[in-house]
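Trainee: Sharing run27.cif (mmCIF, C-alpha atoms) below.
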```cif
data_start
loop_
_atom_site.label_atom_id
_atom_site.label_comp_id
_atom_site.auth_asym_id
_atom_site.auth_seq_id
_atom_site.Cartn_x
_atom_site.Cartn_y
_atom_site.Cartn_z
CA MET A 152 -18.04 10.10 7.95
CA ILE A 153 -15.01 7.84 7.65
CA ILE A 154 -13.53 7.01 4.24
CA ALA A 155 -11.11 4.08 4.47
CA ILE A 156 -8.58 3.59 1.66
CA ASP A 157 -6.39 0.49 1.68
CA GLY A 158 -3.98 -1.01 -0.80
CA PRO A 159 -0.41 -2.12 -1.41
CA ALA A 160 2.65 0.13 -1.66
CA GLY A 161 2.64 2.41 -4.69
CA SER A 162 -1.03 1.98 -5.54
CA GLY A 163 -1.60 5.72 -5.11
CA LYS A 164 -3.20 5.79 -1.66
CA SER A 165 -1.41 8.76 -0.12
CA SER A 166 -1.68 11.27 -2.96
CA THR A 167 -5.28 10.28 -3.66
CA ALA A 168 -6.37 10.35 -0.01
CA LYS A 169 -4.85 13.81 0.49
CA ALA A 170 -6.60 15.14 -2.61
CA VAL A 171 -9.95 13.57 -1.68
CA ALA A 172 -9.75 15.12 1.80
CA ALA A 173 -8.98 18.51 0.25
CA ARG A 174 -11.82 18.17 -2.26
CA LEU A 175 -14.32 17.24 0.45
CA GLY A 176 -12.94 19.66 3.03
CA ILE A 177 -12.35 17.01 5.69
CA THR A 178 -9.40 15.73 7.74
CA TYR A 179 -6.67 13.58 6.17
CA LEU A 180 -5.21 10.92 8.47
CA ASP A 181 -2.06 9.30 7.06
CA THR A 182 -1.64 6.12 9.09
CA GLY A 183 1.23 4.93 6.91
CA ALA A 184 3.19 8.03 7.89
CA MET A 185 2.68 7.13 11.54
CA TYR A 186 4.24 3.69 11.03
CA ARG A 187 7.04 5.25 9.03
CA ALA A 188 7.69 7.74 11.83
CA VAL A 189 8.00 4.96 14.40
CA THR A 190 10.34 3.07 12.07
CA LEU A 191 12.49 6.17 11.62
CA LYS A 192 12.71 6.73 15.37
CA ALA A 193 13.62 3.09 16.01
CA GLN A 194 16.33 3.22 13.35
CA ARG A 195 17.76 6.42 14.78
CA LEU A 196 17.89 4.79 18.21
CA LYS A 197 19.28 1.57 16.69
CA ILE A 198 16.37 -0.50 18.00
CA ARG A 199 15.72 -3.73 16.11
CA TYR A 200 12.24 -4.42 14.78
CA ASP A 201 11.95 -7.57 16.94
CA ASP A 202 12.93 -5.88 20.22
CA ASP A 203 9.39 -5.53 21.59
CA THR A 204 10.54 -4.31 25.00
CA ALA A 205 12.49 -1.39 23.55
CA LEU A 206 9.73 -0.64 21.04
CA GLY A 207 7.19 -0.52 23.86
CA ILE A 208 9.33 2.01 25.71
CA ILE A 209 9.66 4.35 22.74
CA MET A 210 5.95 4.01 21.96
CA ALA A 211 5.18 5.38 25.42
CA HIS A 212 7.41 8.39 24.74
CA THR A 213 6.46 9.22 21.17
CA THR A 214 4.05 11.84 19.90
CA ILE A 215 2.95 11.99 16.27
CA ALA A 216 0.84 14.79 14.90
CA PHE A 217 -0.12 16.28 11.54
CA GLU A 218 0.05 19.96 10.68
CA GLY A 219 -1.28 21.87 7.70
CA LEU A 220 -4.03 21.14 5.21
CA PRO A 221 -4.00 18.81 2.21
CA PRO A 222 -2.01 18.59 0.06
CA ASP A 223 0.62 20.25 2.31
CA VAL A 224 0.32 18.05 5.39
CA ARG A 225 3.44 17.75 7.53
CA VAL A 226 4.27 14.89 9.88
CA ILE A 227 5.51 16.06 13.27
CA MET A 228 7.18 13.52 15.54
CA ASP A 229 8.23 14.60 19.03
CA GLY A 230 8.04 18.21 17.87
CA ASP A 231 10.21 17.76 14.75
CA ASP A 232 9.08 17.80 11.11
CA VAL A 233 10.01 14.37 9.72
CA SER A 234 7.90 14.55 6.56
CA ALA A 235 10.89 14.04 4.25
CA ASP A 236 12.92 11.69 6.45
CA ILE A 237 10.14 9.09 6.74
CA ARG A 238 10.14 8.66 2.93
CA SER A 239 13.79 7.56 2.80
CA ASP A 240 14.81 4.27 1.19
CA ALA A 241 15.98 2.89 4.57
CA VAL A 242 12.58 3.52 6.18
CA THR A 243 10.69 2.21 3.15
CA LYS A 244 12.58 -1.10 3.22
CA SER A 245 12.08 -1.63 6.97
CA VAL A 246 8.63 -0.25 7.77
CA SER A 247 6.85 -3.57 7.09
CA ASP A 248 8.99 -5.30 9.73
CA TYR A 249 8.33 -2.67 12.39
CA CYS A 250 4.63 -2.19 11.69
CA ALA A 251 4.00 -5.93 11.96
CA ARG A 252 4.89 -5.88 15.67
CA ASP A 253 1.86 -6.11 17.95
CA VAL A 254 3.23 -3.51 20.39
CA VAL A 255 3.50 -0.96 17.57
CA ARG A 256 0.14 -1.71 15.96
CA LYS A 257 -1.85 -1.61 19.20
CA PHE A 258 -0.44 1.78 20.12
CA LEU A 259 -0.93 3.38 16.71
CA VAL A 260 -4.38 1.91 16.02
CA GLU A 261 -5.60 3.46 19.25
CA GLN A 262 -4.01 6.78 18.27
CA GLN A 263 -5.73 6.61 14.88
CA ARG A 264 -9.16 5.90 16.37
CA GLN A 265 -8.78 8.77 18.82
CA ALA A 266 -7.76 11.13 16.02
CA ALA A 267 -10.95 10.33 14.10
CA GLN A 268 -13.37 10.77 16.98
CA GLY A 269 -16.04 13.36 16.32
CA ARG A 270 -14.85 14.31 12.85
CA SER A 271 -15.02 13.25 9.21
CA VAL A 272 -11.75 11.78 7.95
CA VAL A 273 -10.10 10.21 4.95
CA CYS A 274 -7.79 7.51 6.28
CA GLU A 275 -5.39 5.37 4.26
CA GLY A 276 -3.15 2.43 5.00
CA ARG A 277 -3.21 -1.35 4.80
CA ASP A 278 -5.67 -2.39 7.50
CA ILE A 279 -7.99 0.61 7.73
CA GLY A 280 -11.15 -1.07 6.47
CA THR A 281 -10.38 -4.41 8.12
CA VAL A 282 -9.04 -3.45 11.57
CA VAL A 283 -8.86 0.27 12.34
CA PHE A 284 -12.29 1.33 11.03
CA PRO A 285 -14.22 -1.84 10.08
CA ASP A 286 -17.47 0.17 10.12
CA ALA A 287 -16.19 2.90 7.78
CA ASP A 288 -18.88 4.56 5.67
CA VAL A 289 -16.91 4.10 2.43
CA LYS A 290 -14.19 1.48 1.88
CA ILE A 291 -11.85 1.61 -1.12
CA PHE A 292 -9.20 -0.97 -2.00
CA MET A 293 -6.68 0.51 -4.44
CA VAL A 294 -4.54 -1.69 -6.67
CA ALA A 295 -2.20 -1.16 -9.64
CA SER A 296 0.20 -3.26 -11.67
CA VAL A 297 3.60 -3.79 -10.07
CA GLU A 298 5.25 -2.07 -13.04
CA GLU A 299 3.09 1.02 -12.61
CA ARG A 300 3.77 1.09 -8.89
CA ALA A 301 7.52 0.81 -9.51
CA ARG A 302 7.42 3.75 -11.94
CA ARG A 303 5.60 5.84 -9.34
CA ARG A 304 8.15 4.94 -6.68
CA GLN A 305 10.95 5.83 -9.10
CA LYS A 306 9.48 9.33 -9.50
CA ASP A 307 9.16 9.70 -5.73
CA PHE A 308 12.81 8.78 -5.20
CA ALA A 309 13.96 11.00 -8.08
CA ALA A 310 12.24 13.94 -6.36
CA MET A 311 14.43 13.19 -3.33
CA GLY A 312 17.56 13.00 -5.48
CA VAL A 313 17.78 9.19 -5.29
CA SER A 314 18.30 7.13 -8.44
CA LYS A 315 16.64 3.70 -8.50
CA SER A 316 15.95 1.42 -11.47
CA VAL A 317 12.43 0.17 -12.18
CA GLU A 318 13.73 -3.40 -11.99
CA GLU A 319 15.18 -2.84 -8.53
CA LEU A 320 11.97 -1.22 -7.35
CA ILE A 321 9.83 -4.06 -8.68
CA LYS A 322 11.84 -6.48 -6.51
CA ASP A 323 11.45 -4.19 -3.49
CA ILE A 324 7.70 -3.84 -4.04
CA GLU A 325 7.17 -7.57 -4.48
CA ALA A 326 9.08 -8.22 -1.26
CA ARG A 327 6.99 -5.57 0.53
CA ASP A 328 3.76 -7.07 -0.83
CA HIS A 329 4.75 -10.49 0.45
CA LYS A 330 5.54 -9.18 3.93
CA ASP A 331 2.36 -7.10 4.14
CA SER A 332 0.01 -9.82 2.90
CA THR A 333 1.47 -12.75 4.87
CA ARG A 334 2.14 -11.17 8.27
CA ALA A 335 0.19 -12.69 11.14
CA ASN A 336 -0.87 -9.34 12.57
CA SER A 337 -3.39 -7.34 10.47
CA PRO A 338 -2.27 -8.53 7.02
CA LEU A 339 -3.03 -6.51 3.92
CA THR A 340 -6.33 -7.78 2.56
CA LYS A 341 -9.42 -6.39 0.90
CA ALA A 342 -12.08 -5.56 3.49
CA GLY A 343 -15.58 -6.91 3.17
CA GLY A 344 -17.70 -4.40 1.30
CA ALA A 345 -14.68 -2.56 -0.10
CA ILE A 346 -14.83 -1.20 -3.65
CA GLU A 347 -11.76 -2.20 -5.67
CA MET A 348 -10.18 0.53 -7.78
CA ASP A 349 -7.39 -0.35 -10.24
CA THR A 350 -5.40 2.86 -10.64
CA THR A 351 -3.18 1.57 -13.45
CA GLY A 352 -3.51 4.15 -16.20
CA MET A 353 -5.75 6.40 -14.12
CA THR A 354 -4.86 10.06 -13.61
CA LEU A 355 -4.91 11.53 -10.12
CA GLU A 356 -8.09 13.41 -11.03
CA ASP A 357 -9.69 10.14 -12.18
CA GLN A 358 -8.90 8.58 -8.82
CA ILE A 359 -10.20 11.55 -6.87
CA MET A 360 -13.50 11.68 -8.73
CA PHE A 361 -13.98 7.91 -8.47
CA ILE A 362 -13.93 8.14 -4.68
CA VAL A 363 -15.79 11.44 -4.40
CA ASN A 364 -18.59 10.02 -6.55
CA LYS A 365 -18.79 6.93 -4.31
CA VAL A 366 -19.04 9.19 -1.26
CA LYS A 367 -21.86 11.22 -2.80
CA THR A 368 -23.93 8.22 -3.95
#
```
Would you write out, as structure tokens, the structure that this file holds?

Mentor:
Amino acid sequence: MIIAIDGPAGSGKSSTAKAVAARLGITYLDTGAMYRAVTLKAQRLKIRYDDDTALGIIMAHTTIAFEGLPPDVRVIMDGDDVSADIRSDAVTKSVSDYCARDVVRKFLVEQQRQAAQGRSVVCEGRDIGTVVFPDADVKIFMVASVEERARRRQKDFAAMGVSKSVEELIKDIEARDHKDSTRANSPLTKAGGAIEMDTTGMTLEDQIMFIVNKVKT
């Protein structure tokens, strides 16, 4: 069984997908973390997002794996735990540019499909139900108001010791939404047959049970 969860930044995909996987006892595949990991590596190597040749080279020499069980899933890139580093402000602001590149998407989509072979997975991102797993058994499209998403991002940054205003985060989120929804390659869009879930005002438990109930029906 494949459960595909898509939606814009801050809609609650990651925390909900991890919890749903834990509740159902199946694998959690964080595709967004994979794109963030590539972005982090490119930034560390000072490779621009539009340098497809250089990106292709690092793609061929990059390994990304997940260790642990939800909710404590760690992202391992080239043998190093980058779980915290990929959530930095610098990566967050640039990941849309890097993940829009065809050379990056082709490599990671293939990695994602291979990771799901022969197992049940909960997979979240922005093109899971449309591109990566168009035949997913359950498709969810999560949304939330931009204000709610900004407040969630503010909490995430505060946990990392970074202070950001809600107003600043709203601007960042709106810019990210525009990039994700207008890019030529695999834009963010609601997949056919996807169930829309507005998480504004919903608790994490509400979100978990919404999806679990859809899986069981």

Trainee: Could you list, as a ChimeraX atom specification, every residue within 12 Å of A:Val254, counting only C-alpha atoms and ignoring same-chain residues fewer than 4 positions away?

Mentor: /A:186,189,200-211,249-250,258-261,336

Trainee: Considering all atoms listed in the file, can you say which of A:Glu218, A:Asp248, A:Asp278, A:Asp331 comes closest to A:Phe292?

Mentor: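 Using all atoms listed in the file, A:Phe292 sits closest to A:Asp278.
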
Trainee: Measuring atom to atom with only C-alpha atoms, identify which of A:Ser239, A:Ser337, A:Ser166, A:Thr213 is nearest to A:Ala309.

Mentor: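 Going through A:Ser239, A:Ser337, A:Ser166, A:Thr213 one by one, the smallest distance to A:Ala309 is for A:Ser239.
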
Trainee: Which residues match the PyMOL selection byres ((chain A and resi 155) around 8) in the file above, as a ChimeraX atom specification?

Mentor: /A:153-154,156-157,273-275,279-280,284,287-291

Trainee: Take atom CA of A:Ile359 and atom CA of A:Thr167 and report the distance between them in Å, one decimal.

Mentor: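 Taking atom CA of A:Ile359 and atom CA of A:Thr167, their separation equals 6.0 Å.
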
Trainee: Between A:Gln358, A:Gln194, A:Ser271, A:Thr350, which is the closest to A:Ile177 once you count only C-alpha atoms?

Mentor: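 Smallest separation from A:Ile177 among the options: A:Ser271.
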
Trainee: With all atoms listed in the file as the counted atoms, please give the residues lying no more than 9 Å from A:Glu299, apart from itself and same-chain residues fewer than 4 positions off, as a list in words.

Mentor: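 So, after excluding close chain neighbours, the residues are Gly161, Ser162, Ala295, Arg303, Arg304, Thr350, Thr351 and Gly352 of chain A.
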
Trainee: Write out the residues from the selection above, keeping C-alpha atoms, as a tab-separated table (two decimals), in the coordinates of the input.

Mentor:
```tsv
chain	number	residue	atom	x	y	z
A	161	GLY	CA	2.64	2.41	-4.69
A	162	SER	CA	-1.03	1.98	-5.54
A	295	ALA	CA	-2.20	-1.16	-9.64
A	303	ARG	CA	5.60	5.84	-9.34
A	304	ARG	CA	8.15	4.94	-6.68
A	350	THR	CA	-5.40	2.86	-10.64
A	351	THR	CA	-3.18	1.57	-13.45
A	352	GLY	CA	-3.51	4.15	-16.20
```

Trainee: Counting all atoms listed in the file, figure out which residue out of A:Ala170, A:Met293, A:Arg199, A:Thr368 gets nearest to A:Glu356.

Mentor: A:Ala170

Trainee: Quick one: axis-aligned box around all listed atoms of stretch 215-227 of chain A, 3 Å on every side, centre and edge lengths in Å to one decimal, written as lines of an AutoDock Vina configuration file.

Mentor:
```
center_x = 0.7
center_y = 16.9
center_z = 8.2
size_x = 15.5
size_y = 15.9
size_z = 22.2
```

Trainee: Would you please work out which residue, of A:Gly269, A:Gly183, A:Pro285, A:Gly158, is nearest to A:Gly343 when using all atoms listed in the file?

Mentor: A:Pro285

Trainee: For A:Met185, which residue out of A:Gln265, A:Thr214, A:Ser332, A:Asn364 is the nearest one, using only C-alpha atoms?

Mentor: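 Result for the nearest residue to A:Met185: A:Thr214.
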
Trainee: Could you tell me how far atom CA of A:Met360 lies from atom CA of A:Leu180, in Å and to one decimal?

Mentor: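 Computing the Euclidean distance for atom CA of A:Met360 and atom CA of A:Leu180 yields 19.1 Å.
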